[in-house]
>>> print(open('protein-v2.txt').read())   # compact mmCIF, C-alpha atoms (C1' of nucleotides)
# COMPACT_ATOMS: atom_id res chain seq x y z
CA MET A 97 21.40 16.13 1.51
CA LEU A 98 20.00 15.22 4.88
CA ARG A 99 18.10 12.02 5.42
CA GLU A 100 15.09 13.98 6.57
CA ASP A 101 14.96 15.98 3.36
CA ARG A 102 15.49 12.89 1.27
CA GLN A 103 12.60 11.11 2.97
CA ARG A 104 10.36 14.12 2.45
CA ILE A 105 11.25 14.18 -1.23
CA LEU A 106 10.69 10.43 -1.40
CA LYS A 107 7.18 10.82 -0.04
CA GLU A 108 6.38 13.63 -2.43
CA THR A 109 7.82 11.77 -5.39
CA LEU A 110 5.68 8.75 -4.65
CA ARG A 111 2.61 10.84 -4.11
CA ALA A 112 3.08 12.33 -7.57
CA ASN A 113 3.83 8.96 -9.14
CA PRO A 114 3.34 5.80 -7.09
CA PHE A 115 4.51 3.54 -9.92
CA LEU A 116 8.26 3.86 -9.42
CA THR A 117 10.55 0.94 -8.53
CA ASP A 118 13.14 1.22 -5.79
CA GLN A 119 15.84 1.35 -8.48
CA GLU A 120 14.18 4.29 -10.22
CA LEU A 121 13.80 6.08 -6.91
CA ALA A 122 17.44 5.41 -6.09
CA ASP A 123 18.48 6.92 -9.42
CA ARG A 124 16.35 9.99 -8.88
CA LEU A 125 17.55 10.63 -5.35
CA GLN A 126 21.15 9.72 -6.14
CA VAL A 127 21.43 7.14 -3.38
CA SER A 128 21.71 3.36 -3.31
CA ILE A 129 18.72 1.09 -3.59
CA GLN A 130 19.31 -0.05 0.00
CA THR A 131 18.89 3.47 1.27
CA ILE A 132 15.57 3.73 -0.52
CA ARG A 133 14.50 0.49 1.10
CA LEU A 134 15.52 1.65 4.54
CA ASP A 135 13.65 4.90 3.95
CA ARG A 136 10.54 3.08 2.84
CA LEU A 137 10.79 0.87 5.88
CA ALA A 138 11.16 3.89 8.14
CA LEU A 139 8.25 5.69 6.52
CA GLY A 140 6.06 2.60 6.31
CA ILE A 141 5.78 2.86 2.54
CA PRO A 142 4.95 -0.50 0.94
CA GLU A 143 6.69 -1.91 -2.12
CA LEU A 144 5.78 -1.01 -5.68
CA ARG A 145 3.52 -4.00 -6.28
CA ALA A 146 1.63 -3.43 -3.07
CA ARG A 147 1.22 0.27 -3.91
CA THR A 148 -0.01 -0.63 -7.36
CA ARG A 149 -2.44 -3.10 -5.85
CA GLU A 150 -3.70 -0.49 -3.39
CA VAL A 151 -4.30 2.08 -6.08
CA ALA A 152 -6.02 -0.50 -8.26
CA LYS A 153 -8.30 -1.80 -5.53
CA ARG A 154 -9.09 1.58 -4.11
CA THR A 155 -9.99 3.13 -7.43
CA TYR A 156 -11.50 -0.02 -8.96
CA GLY A 157 -15.22 0.59 -9.13
CA GLN A 158 -14.80 3.89 -7.38
CA VAL A 159 -14.24 5.99 -10.47
CA LYS A 160 -17.87 5.60 -11.32
CA SER A 161 -19.00 6.94 -8.01
CA LEU A 162 -16.67 9.87 -8.31
CA GLN A 163 -18.14 10.69 -11.66
CA SER A 164 -21.75 10.11 -10.84
CA LYS A 165 -22.61 10.09 -7.18
CA GLU A 166 -19.92 12.32 -5.78
CA ILE A 167 -19.82 14.91 -8.47
CA PHE A 168 -23.46 15.11 -9.31
CA GLY A 169 -25.06 14.07 -6.08
CA GLU A 170 -27.47 11.31 -5.27
CA LEU A 171 -30.99 11.91 -6.44
CA ILE A 172 -33.29 11.39 -3.47
CA ASP A 173 -36.66 12.39 -4.75
CA ILE A 174 -38.00 13.93 -7.91
CA ASN A 175 -41.27 15.19 -9.31
CA LEU A 176 -40.57 16.02 -12.94
CA GLU A 177 -41.18 19.62 -13.96
CA GLN A 178 -41.81 20.53 -10.34
CA TRP A 179 -39.14 19.80 -7.77
CA ALA A 180 -36.27 17.50 -6.92
CA VAL A 181 -33.92 16.78 -4.04
CA SER A 182 -30.36 15.43 -4.08
CA VAL A 183 -27.70 14.77 -1.49
CA ILE A 184 -23.94 14.90 -1.69
CA ASP A 185 -21.37 13.76 0.87
CA CYS A 186 -18.44 16.10 0.86
CA THR A 187 -15.11 14.26 0.79
CA GLU A 188 -11.47 15.33 0.97
CA ALA A 189 -11.15 14.93 -2.77
CA MET A 190 -13.66 17.74 -3.27
CA ALA A 191 -11.99 20.23 -1.00
CA PHE A 192 -9.02 22.52 -0.74
CA GLU A 193 -6.36 20.65 1.20
CA ARG A 194 -5.41 23.53 3.40
CA SER A 195 -8.79 24.79 4.51
CA ARG A 196 -10.86 21.62 3.98
CA VAL A 197 -13.49 23.87 2.41
CA VAL A 198 -15.32 22.20 -0.46
CA ARG A 199 -14.55 23.76 -3.81
CA GLY A 200 -17.50 25.76 -4.99
CA HIS A 201 -17.94 24.00 -8.28
CA PHE A 202 -18.91 20.78 -6.56
CA ILE A 203 -21.78 22.54 -4.91
CA PHE A 204 -22.53 24.19 -8.22
CA ALA A 205 -22.33 20.85 -10.05
CA GLN A 206 -24.84 19.29 -7.68
CA ALA A 207 -27.25 22.17 -8.14
CA ASP A 208 -26.77 22.35 -11.89
CA SER A 209 -27.34 18.65 -12.49
CA LEU A 210 -30.35 18.70 -10.21
CA ALA A 211 -31.81 21.55 -12.24
CA LEU A 212 -31.21 19.63 -15.45
CA ALA A 213 -32.73 16.47 -14.04
CA LEU A 214 -35.92 18.38 -13.38
CA VAL A 215 -36.52 19.12 -17.04
CA ASN A 216 -38.51 16.52 -18.89
CA ALA A 217 -36.43 16.38 -22.06
CA ASP A 218 -33.88 14.13 -23.66
CA VAL A 219 -31.33 16.89 -23.73
CA ALA A 220 -31.31 19.96 -21.53
CA LEU A 221 -28.71 22.67 -21.20
CA THR A 222 -27.98 25.38 -18.71
CA GLY A 223 -28.08 28.84 -20.25
CA LEU A 224 -27.79 31.27 -17.37
CA ALA A 225 -27.10 30.97 -13.71
CA ASN A 226 -27.09 33.43 -10.88
CA ILE A 227 -25.53 31.94 -7.83
CA LYS A 228 -24.51 32.78 -4.34
CA PHE A 229 -22.33 30.85 -1.92
CA LYS A 230 -23.65 31.85 1.46
CA ARG A 231 -21.14 30.08 3.62
CA PRO A 232 -18.33 27.60 2.99
CA VAL A 233 -19.09 23.89 3.16
CA LYS A 234 -16.59 21.70 4.97
CA VAL A 235 -15.39 18.17 4.37
CA GLY A 236 -17.67 15.67 6.05
CA GLU A 237 -20.78 17.75 5.73
CA LYS A 238 -23.81 16.50 3.85
CA ALA A 239 -25.22 18.99 1.38
CA ILE A 240 -28.89 18.67 0.55
CA ALA A 241 -30.01 20.49 -2.57
CA ARG A 242 -33.60 21.21 -3.37
CA ALA A 243 -34.57 22.44 -6.81
CA GLU A 244 -37.87 24.00 -7.73
CA VAL A 245 -39.27 25.16 -11.05
CA LEU A 246 -40.28 28.79 -10.61
CA ARG A 247 -41.75 29.27 -14.05
CA ARG A 248 -41.67 27.90 -17.53
CA LYS A 249 -41.87 29.68 -20.84
CA GLY A 250 -41.80 27.40 -23.85
CA ASN A 251 -38.71 25.28 -23.61
CA LYS A 252 -37.11 27.55 -21.02
CA TYR A 253 -37.32 26.84 -17.31
CA VAL A 254 -36.36 29.06 -14.45
CA ILE A 255 -35.26 26.86 -11.58
CA LEU A 256 -34.30 27.84 -8.05
CA VAL A 257 -31.90 25.59 -6.21
CA THR A 258 -31.27 25.94 -2.50
CA THR A 259 -28.58 23.87 -0.83
CA LYS A 260 -28.52 23.35 2.90
CA VAL A 261 -26.24 21.76 5.46
CA ASP A 262 -27.92 20.86 8.73
CA GLY A 263 -30.82 23.08 7.81
CA GLU A 264 -28.61 26.07 7.18
CA ALA A 265 -28.56 27.53 3.67
CA VAL A 266 -25.11 27.39 2.13
CA PHE A 267 -25.92 28.02 -1.50
CA ARG A 268 -28.65 29.53 -3.61
CA GLY A 269 -28.79 29.53 -7.38
CA LYS A 270 -31.23 30.55 -10.06
CA PHE A 271 -30.77 28.59 -13.25
CA VAL A 272 -32.27 29.15 -16.66
CA VAL A 273 -32.37 25.79 -18.35
CA ALA A 274 -33.42 25.07 -21.92
CA ALA A 275 -34.96 21.80 -23.03
CA ILE A 276 -33.61 20.81 -26.43
CA GLU A 277 -35.62 18.65 -28.80
CA PRO A 278 -33.85 15.39 -29.50
CA ALA A 279 -34.25 15.92 -33.25
CA LYS A 280 -32.88 19.43 -33.58
CA GLY A 281 -29.79 20.83 -31.98
CA GLU A 282 -31.28 24.17 -31.09
CA SER A 283 -28.75 25.99 -28.96
CA VAL A 284 -29.35 28.32 -26.08
CA MET B 255 -16.28 -29.34 -19.23
CA LEU B 256 -15.09 -28.26 -22.65
CA ARG B 257 -12.05 -26.06 -23.05
CA GLU B 258 -14.17 -23.48 -24.84
CA ASP B 259 -16.57 -23.21 -21.91
CA ARG B 260 -13.73 -23.04 -19.44
CA GLN B 261 -12.11 -20.18 -21.29
CA ARG B 262 -15.37 -18.31 -21.44
CA ILE B 263 -15.79 -18.72 -17.69
CA LEU B 264 -12.18 -17.68 -17.19
CA LYS B 265 -12.78 -14.43 -19.06
CA GLU B 266 -15.94 -13.70 -17.13
CA THR B 267 -14.33 -14.51 -13.80
CA LEU B 268 -11.48 -12.13 -14.47
CA ARG B 269 -13.81 -9.42 -15.68
CA ALA B 270 -15.66 -9.65 -12.38
CA ASN B 271 -12.46 -9.75 -10.35
CA PRO B 272 -9.16 -9.06 -12.08
CA PHE B 273 -7.16 -9.61 -8.89
CA LEU B 274 -7.00 -13.43 -8.92
CA THR B 275 -3.76 -15.41 -9.16
CA ASP B 276 -3.39 -18.35 -11.53
CA GLN B 277 -3.51 -20.66 -8.52
CA GLU B 278 -6.82 -19.21 -7.37
CA LEU B 279 -8.21 -19.48 -10.87
CA ALA B 280 -7.01 -23.09 -11.09
CA ASP B 281 -8.81 -23.90 -7.85
CA ARG B 282 -12.03 -22.28 -9.01
CA LEU B 283 -12.07 -23.96 -12.39
CA GLN B 284 -10.85 -27.31 -11.02
CA VAL B 285 -7.94 -27.59 -13.41
CA SER B 286 -4.18 -27.38 -13.01
CA ILE B 287 -2.33 -24.11 -12.90
CA GLN B 288 -0.70 -24.97 -16.23
CA THR B 289 -4.06 -25.18 -17.92
CA ILE B 290 -4.91 -21.71 -16.64
CA ARG B 291 -1.66 -20.41 -18.07
CA LEU B 292 -2.25 -22.02 -21.43
CA ASP B 293 -5.74 -20.53 -21.45
CA ARG B 294 -4.45 -17.08 -20.59
CA LEU B 295 -1.86 -17.43 -23.31
CA ALA B 296 -4.51 -18.49 -25.82
CA LEU B 297 -6.81 -15.63 -24.82
CA GLY B 298 -4.04 -13.04 -24.60
CA ILE B 299 -4.82 -12.31 -20.95
CA PRO B 300 -1.83 -10.81 -19.12
CA GLU B 301 -0.61 -11.96 -15.73
CA LEU B 302 -2.02 -10.76 -12.42
CA ARG B 303 0.58 -8.07 -11.83
CA ALA B 304 0.15 -6.64 -15.30
CA ARG B 305 -3.64 -6.63 -14.88
CA THR B 306 -3.35 -4.89 -11.53
CA ARG B 307 -0.99 -2.35 -13.05
CA GLU B 308 -3.43 -1.71 -15.89
CA VAL B 309 -6.34 -1.12 -13.55
CA ALA B 310 -4.23 1.09 -11.30
CA LYS B 311 -2.83 3.24 -14.07
CA ARG B 312 -6.09 3.57 -15.92
CA THR B 313 -8.11 4.56 -12.89
CA TYR B 314 -5.32 6.50 -11.23
CA GLY B 315 -4.93 8.63 -14.31
CA GLN B 316 -8.66 9.13 -14.47
CA VAL B 317 -9.07 10.09 -10.86
CA LYS B 318 -6.05 12.32 -10.96
CA SER B 319 -7.00 14.12 -14.13
CA LEU B 320 -10.58 14.28 -13.04
CA GLN B 321 -9.49 15.98 -9.89
CA SER B 322 -6.79 18.25 -11.20
CA LYS B 323 -6.18 18.90 -14.85
CA GLU B 324 -9.50 18.02 -16.36
CA ILE B 325 -11.69 19.61 -13.79
CA PHE B 326 -9.68 22.65 -13.10
CA GLY B 327 -7.91 23.17 -16.38
CA GLU B 328 -4.27 23.65 -17.13
CA LEU B 329 -2.91 27.02 -16.10
CA ILE B 330 -1.17 28.54 -19.11
CA ASP B 331 -0.24 31.99 -17.96
CA ILE B 332 -0.89 34.07 -14.91
CA ASN B 333 -0.20 37.55 -13.67
CA LEU B 334 -1.38 37.58 -10.05
CA GLU B 335 -4.10 40.08 -9.21
CA GLN B 336 -4.45 40.93 -12.89
CA TRP B 337 -5.21 38.18 -15.36
CA ALA B 338 -4.80 34.46 -16.01
CA VAL B 339 -5.39 31.97 -18.78
CA SER B 340 -6.16 28.27 -18.60
CA VAL B 341 -6.99 25.55 -21.08
CA ILE B 342 -9.12 22.46 -20.78
CA ASP B 343 -9.48 19.57 -23.21
CA CYS B 344 -13.02 18.34 -23.21
CA THR B 345 -13.29 14.56 -22.96
CA GLU B 346 -16.13 12.05 -23.10
CA ALA B 347 -16.07 11.77 -19.31
CA MET B 348 -17.10 15.40 -19.04
CA ALA B 349 -20.03 15.21 -21.39
CA PHE B 350 -23.57 13.95 -21.66
CA GLU B 351 -23.38 10.62 -23.43
CA ARG B 352 -26.26 11.26 -25.74
CA SER B 353 -25.45 14.71 -27.02
CA ARG B 354 -21.69 14.76 -26.39
CA VAL B 355 -22.20 18.25 -24.99
CA VAL B 356 -19.89 19.06 -22.09
CA ARG B 357 -21.69 19.41 -18.79
CA GLY B 358 -21.82 23.02 -17.81
CA HIS B 359 -20.19 22.60 -14.46
CA PHE B 360 -16.89 21.60 -16.02
CA ILE B 361 -16.80 24.89 -17.86
CA PHE B 362 -17.87 26.57 -14.64
CA ALA B 363 -15.21 24.73 -12.64
CA GLN B 364 -12.49 25.86 -15.01
CA ALA B 365 -13.64 29.47 -14.76
CA ASP B 366 -14.13 29.33 -11.01
CA SER B 367 -10.73 27.86 -10.25
CA LEU B 368 -9.08 30.30 -12.61
CA ALA B 369 -10.75 33.16 -10.76
CA LEU B 370 -9.53 31.76 -7.44
CA ALA B 371 -5.99 31.29 -8.77
CA LEU B 372 -5.88 34.96 -9.61
CA VAL B 373 -6.27 36.01 -6.01
CA ASN B 374 -3.03 36.32 -4.12
CA ALA B 375 -4.16 34.64 -0.93
CA ASP B 376 -3.70 31.34 0.83
CA VAL B 377 -7.41 30.74 0.99
CA ALA B 378 -9.93 32.29 -1.36
CA LEU B 379 -13.61 31.55 -1.76
CA THR B 380 -16.20 32.27 -4.37
CA GLY B 381 -19.09 34.29 -3.01
CA LEU B 382 -21.22 35.22 -5.98
CA ALA B 383 -21.25 34.28 -9.63
CA ASN B 384 -23.24 35.48 -12.56
CA ILE B 385 -22.74 33.21 -15.50
CA LYS B 386 -23.95 32.64 -19.00
CA PHE B 387 -23.41 29.65 -21.24
CA LYS B 388 -23.48 31.15 -24.72
CA ARG B 389 -23.27 27.99 -26.72
CA PRO B 390 -22.72 24.31 -25.90
CA VAL B 391 -19.17 22.96 -25.90
CA LYS B 392 -18.64 19.59 -27.55
CA VAL B 393 -16.32 16.72 -26.73
CA GLY B 394 -12.93 17.21 -28.35
CA GLU B 395 -13.04 20.96 -28.23
CA LYS B 396 -10.40 22.93 -26.37
CA ALA B 397 -11.80 25.59 -24.08
CA ILE B 398 -9.57 28.53 -23.32
CA ALA B 399 -10.58 30.61 -20.32
CA ARG B 400 -9.26 34.06 -19.67
CA ALA B 401 -9.87 35.71 -16.32
CA GLU B 402 -9.41 39.36 -15.55
CA VAL B 403 -9.73 41.31 -12.32
CA LEU B 404 -12.23 44.07 -12.97
CA ARG B 405 -11.94 45.73 -9.59
CA ARG B 406 -10.90 45.10 -6.05
CA LYS B 407 -12.35 46.39 -2.85
CA GLY B 408 -10.54 45.25 0.27
CA ASN B 409 -10.41 41.48 0.21
CA LYS B 410 -13.17 41.24 -2.43
CA TYR B 411 -12.34 40.85 -6.08
CA VAL B 412 -14.66 41.12 -9.04
CA ILE B 413 -13.32 38.87 -11.78
CA LEU B 414 -14.59 38.44 -15.32
CA VAL B 415 -13.94 35.11 -16.99
CA THR B 416 -14.49 34.60 -20.68
CA THR B 417 -14.16 31.14 -22.17
CA LYS B 418 -13.67 30.61 -25.88
CA VAL B 419 -13.48 27.72 -28.29
CA ASP B 420 -11.75 28.50 -31.57
CA GLY B 421 -12.07 32.18 -30.84
CA GLU B 422 -15.80 31.93 -30.28
CA ALA B 423 -17.13 32.87 -26.86
CA VAL B 424 -18.91 29.95 -25.20
CA PHE B 425 -19.09 31.16 -21.63
CA ARG B 426 -18.96 34.36 -19.68
CA GLY B 427 -18.98 34.65 -15.91
CA LYS B 428 -18.58 37.38 -13.37
CA PHE B 429 -17.26 36.10 -10.06
CA VAL B 430 -17.01 37.81 -6.73
CA VAL B 431 -14.16 36.18 -4.86
CA ALA B 432 -13.10 36.84 -1.29
CA ALA B 433 -9.55 36.43 -0.07
CA ILE B 434 -9.75 34.89 3.39
CA GLU B 435 -6.14 34.51 4.46
CA PRO B 436 -3.44 36.75 3.06
CA ALA B 437 -0.58 35.03 1.28
CA LYS B 438 2.13 33.91 3.64
CA GLY B 439 4.50 31.92 1.54
CA GLU B 440 4.93 30.58 -1.93
CA SER B 441 2.54 27.68 -2.32
CA VAL B 442 2.01 25.15 -5.08
C1' DA C 297 41.05 5.20 19.79
C1' DA C 298 36.37 3.95 20.56
C1' DT C 299 31.61 4.79 19.52
C1' DA C 300 27.50 6.19 17.12
C1' DT C 301 25.11 7.23 12.88
C1' DG C 302 24.11 6.80 8.24
C1' DT C 303 24.95 4.50 3.97
C1' DT C 304 26.14 0.72 0.97
C1' DA C 305 26.99 -4.18 -0.11
C1' DT C 306 26.01 -9.13 -0.25
C1' DG C 307 23.43 -13.14 -0.32
C1' DA C 308 19.46 -16.18 0.69
C1' DG C 309 14.60 -16.62 0.01
C1' DC C 310 9.81 -15.23 -1.49
C1' DT C 311 5.75 -14.43 -4.91
C1' DG C 312 3.74 -14.78 -9.11
C1' DG C 313 4.68 -15.31 -12.79
C1' DT C 314 7.16 -16.76 -18.30
C1' DG C 315 8.96 -20.12 -21.55
C1' DT C 316 10.09 -24.58 -22.86
C1' DT C 317 10.19 -29.47 -23.03
C1' DA C 318 8.25 -33.82 -21.81
C1' DG C 319 4.81 -37.02 -20.84
C1' DA C 320 0.08 -39.02 -19.48
C1' DG C 321 -4.68 -40.18 -20.89
C1' DG C 322 -8.51 -40.78 -23.72
C1' DA C 323 -11.13 -40.49 -28.52
C1' DG C 324 -11.28 -41.64 -33.06
C1' DG C 325 -9.67 -43.61 -37.54
C1' DA C 326 -7.02 -47.14 -40.52
C1' DT D 243 -5.38 -53.73 -32.50
C1' DC D 244 -2.15 -50.00 -33.12
C1' DC D 245 -1.43 -45.24 -34.19
C1' DT D 246 -2.21 -40.50 -34.12
C1' DC D 247 -4.18 -36.31 -32.35
C1' DC D 248 -5.79 -33.37 -28.80
C1' DT D 249 -5.96 -31.84 -24.24
C1' DC D 250 -4.22 -31.57 -19.97
C1' DT D 251 -0.50 -31.94 -16.46
C1' DA D 252 4.24 -31.91 -14.84
C1' DA D 253 8.97 -30.41 -14.29
C1' DC D 254 12.63 -27.26 -14.70
C1' DA D 255 15.11 -22.94 -15.56
C1' DC D 256 14.55 -18.18 -15.43
C1' DC D 257 12.79 -13.36 -14.23
C1' DA D 258 11.44 -8.75 -11.56
C1' DG D 259 11.00 -6.74 -7.47
C1' DC D 260 11.09 -7.21 -3.64
C1' DT D 261 12.11 -8.88 2.19
C1' DC D 262 15.19 -10.08 5.73
C1' DA D 263 19.59 -10.62 7.95
C1' DT D 264 24.25 -9.61 8.28
C1' DA D 265 28.26 -7.13 7.52
C1' DA D 266 31.41 -3.56 5.84
C1' DC D 267 32.51 1.20 5.27
C1' DA D 268 32.66 6.53 5.94
C1' DT D 269 32.23 10.29 8.82
C1' DA D 270 31.62 12.83 12.86
C1' DT D 271 31.57 12.84 17.90
C1' DT D 272 33.18 11.64 22.37
>>> encode(input="protein-v2.txt", output="structure tokens")
Amino acid sequence: MLREDRQRILKETLRANPFLTDQELADRLQVSIQTIRLDRLALGIPELRARTREVAKRTYGQVKSLQSKEIFGELIDINLEQWAVSVIDCTEAMAFERSRVVRGHFIFAQADSLALALVNADVALTGLANIKFKRPVKVGEKAIARAEVLRRKGNKYVILVTTKVDGEAVFRGKFVVAAIEPAKGESV
Amino acid sequence: MLREDRQRILKETLRANPFLTDQELADRLQVSIQTIRLDRLALGIPELRARTREVAKRTYGQVKSLQSKEIFGELIDINLEQWAVSVIDCTEAMAFERSRVVRGHFIFAQADSLALALVNADVALTGLANIKFKRPVKVGEKAIARAEVLRRKGNKYVILVTTKVDGEAVFRGKFVVAAIEPAKGESV
DNA sequence: AATATGTTATGAGCTGGTGTTAGAGGAGGA
DNA sequence: TCCTCCTCTAACACCAGCTCATAACATATT
């Protein structure tokens, strides 16, 4: 096996699992531990403990933001039962690697959670949705979603969400959301 | 300062910042490094490197699964351009805390990515979707999505995704997906 | 045969610890 | 007063998982 190939495999192996010691890597790639160390040196890959530290520090306290802010968007303004606005910054993690186009369900997730936030109930669930992705959203763009209650019938709300990037509409969705009483688990 | 108080402060300090060495802790608490070690021993607190490793693995796993397996589901079987099946295990992280009902966009994300996987192209994008959440999915349930190409017109595919839990339909979605770049080589 | 390239070996030293044994210093009781 | 107990500190050997420097070896090329 050529050195070039081995170094490529080394990079890929560590990307899949950064918690491998040089010895384990040497065993996997069937070379000596020194070779692994030279390869790491050449590729600028830090040692196991430094990698572990990086992962820990990078993700420490960031998981929350990925779950709340990034996935669901940041609520900017809200007028319960009427309208609401949220913003989401599109990062690499949300996109297809190749095209850097944001995966549709992140845009959907922002719109969906905004629609749910609009309903004045302890528990609300999405029943139906009719959505259209007008143009792809790219990494780095800031998506601004605006949700509006079109009409309400009992515990059912029809909500229109329009998402824009730089003023240009990228997404439109009509959601039917049901407010569920906290006491009873009435399903949609 | 009493030992009890010191140990309480030690715990709190490490909770706030788990990346401190014994020496740094000794400096902060104005005691010797040995005292810190005895305290850690007494409190069952592991050493810095073990703590770092814990944080890294816990959050790394979360981020990774949140990005790949959990969000997009595990592809079980696929027949390109025809049908595909994926499974997703619903965890607490995917649900509303109060009701333990899985947020709709996770179910949507599974269906959407399954629809995209079906298209034999390097880049594919969702254009339209018409979806219905038939009943809420709870934490702990295993959602099985099956996607099927209904028809194809040029680079546009109409794909029906049906998601079931224990044989019961929980979600149905019709997706219109566009293939942007034809497949060149075998990708991931 | 000499040289270059890539790989492996060897040994000293580092960090951030563990585990154990030993001792210093003060508080309280007989 | 002495003695004991508790808490803290010190000292030493050892460990994993490295870095850094130096050298030996295999193979192919000139």
>>> closest_residue(input="protein-v2.txt", among="C:DA320, C:DA305, C:DA326, C:DA297", to="chain A", atoms="only C-alpha atoms (C1' of nucleotides)")
C:DA305
>>> residues_near_point(input="protein-v2.txt", point="(-10.5, -13.9, -23.6)", cutoff="12 Å", atoms="all atoms listed in the file", output="list in words")
Glu258, Asp259, Arg260, Gln261, Arg262, Ile263, Leu264, Lys265, Glu266, Thr267, Leu268, Arg269, Ile290, Leu292, Asp293, Arg294, Leu295, Ala296, Leu297, Gly298, Ile299 and Pro300 of chain B
>>> axis_aligned_box(input="protein-v2.txt", around="range 388-391 of chain B", padding_each_side="4 Å", output="JSON")
{"center_x": -21.3, "center_y": 27.1, "center_z": -25.7, "size_x": 12.3, "size_y": 16.2, "size_z": 10.0}
>>> interface_residues(input="protein-v2.txt", of="chain A", to="chain C", cutoff="10 Å", atoms="only C-alpha atoms (C1' of nucleotides)", output="list in words")
Leu98, Arg99, Val127, Ser128, Ile129, Gln130, Thr131 and Leu134 of chain A
>>> atom_distance(input="protein-v2.txt", atom1="CA of Phe168 in chain A", atom2="CA of Ala112 in chain A")
26.7 Å
>>> closest_atom_pairs(input="protein-v2.txt", of="chain D", to="chain A", cutoff="10 Å", atoms="all atoms listed in the file", output="JSON lines")
{"residue": "D:DG259", "atom": "C1'", "partner": "A:Thr117", "partner_atom": "CA", "distance": 7.8}
{"residue": "D:DC260", "atom": "C1'", "partner": "A:Glu143", "partner_atom": "CA", "distance": 7.1}
{"residue": "D:DT261", "atom": "C1'", "partner": "A:Arg133", "partner_atom": "CA", "distance": 9.7}
>>> write_last_selection(input="protein-v2.txt", atoms="C-alpha atoms (C1' of nucleotides)", output="PDB file, keeping the file's coordinate frame")
ATOM      1  C1'  DG D 259      11.000  -6.740  -7.470  1.00  0.00           C
ATOM      2  C1'  DC D 260      11.090  -7.210  -3.640  1.00  0.00           C
ATOM      3  C1'  DT D 261      12.110  -8.880   2.190  1.00  0.00           C
TER       4       DT D 261
END
>>> closest_atom_pairs(input="protein-v2.txt", of="chain A", to="chain B", cutoff="7 Å", atoms="all atoms listed in the file", output="JSON lines")
{"residue": "A:Thr148", "atom": "CA", "partner": "B:Ala310", "partner_atom": "CA", "distance": 6.0}
{"residue": "A:Arg149", "atom": "CA", "partner": "B:Thr306", "partner_atom": "CA", "distance": 6.0}
{"residue": "A:Val151", "atom": "CA", "partner": "B:Ala310", "partner_atom": "CA", "distance": 5.3}
{"residue": "A:Ala152", "atom": "CA", "partner": "B:Ala310", "partner_atom": "CA", "distance": 3.9}
{"residue": "A:Thr155", "atom": "CA", "partner": "B:Thr313", "partner_atom": "CA", "distance": 5.9}
{"residue": "A:Tyr156", "atom": "CA", "partner": "B:Thr313", "partner_atom": "CA", "distance": 6.9}
{"residue": "A:Val159", "atom": "CA", "partner": "B:Val317", "partner_atom": "CA", "distance": 6.6}
{"residue": "A:Gly200", "atom": "CA", "partner": "B:Thr380", "partner_atom": "CA", "distance": 6.7}
{"residue": "A:His201", "atom": "CA", "partner": "B:Ala363", "partner_atom": "CA", "distance": 5.2}
{"residue": "A:Phe204", "atom": "CA", "partner": "B:His359", "partner_atom": "CA", "distance": 6.9}
{"residue": "A:Ala205", "atom": "CA", "partner": "B:His359", "partner_atom": "CA", "distance": 5.2}
{"residue": "A:Thr222", "atom": "CA", "partner": "B:Gly358", "partner_atom": "CA", "distance": 6.7}
{"residue": "A:Gly223", "atom": "CA", "partner": "B:Phe387", "partner_atom": "CA", "distance": 4.8}
{"residue": "A:Leu224", "atom": "CA", "partner": "B:Lys386", "partner_atom": "CA", "distance": 4.4}
{"residue": "A:Ala225", "atom": "CA", "partner": "B:Ile385", "partner_atom": "CA", "distance": 5.2}
{"residue": "A:Asn226", "atom": "CA", "partner": "B:Asn384", "partner_atom": "CA", "distance": 4.7}
{"residue": "A:Ile227", "atom": "CA", "partner": "B:Ala383", "partner_atom": "CA", "distance": 5.2}
{"residue": "A:Lys228", "atom": "CA", "partner": "B:Leu382", "partner_atom": "CA", "distance": 4.4}
{"residue": "A:Phe229", "atom": "CA", "partner": "B:Gly381", "partner_atom": "CA", "distance": 4.8}
{"residue": "A:Lys230", "atom": "CA", "partner": "B:Gly381", "partner_atom": "CA", "distance": 6.8}
{"residue": "A:Ser283", "atom": "CA", "partner": "B:Arg389", "partner_atom": "CA", "distance": 6.2}
{"residue": "A:Val284", "atom": "CA", "partner": "B:Arg389", "partner_atom": "CA", "distance": 6.1}
>>> residues_near_point(input="protein-v2.txt", point="(-14.5, 32.0, -28.7)", cutoff="10 Å", atoms="only C-alpha atoms (C1' of nucleotides)", output="list of chain:residue names")
B:Lys388, B:Arg389, B:Ala397, B:Ile398, B:Ala399, B:Thr416, B:Thr417, B:Lys418, B:Val419, B:Asp420, B:Gly421, B:Glu422, B:Ala423, B:Val424, B:Phe425
>>> atom_distance(input="protein-v2.txt", atom1="CA of Val412 in chain B", atom2="CA of Asn333 in chain B")
15.6 Å
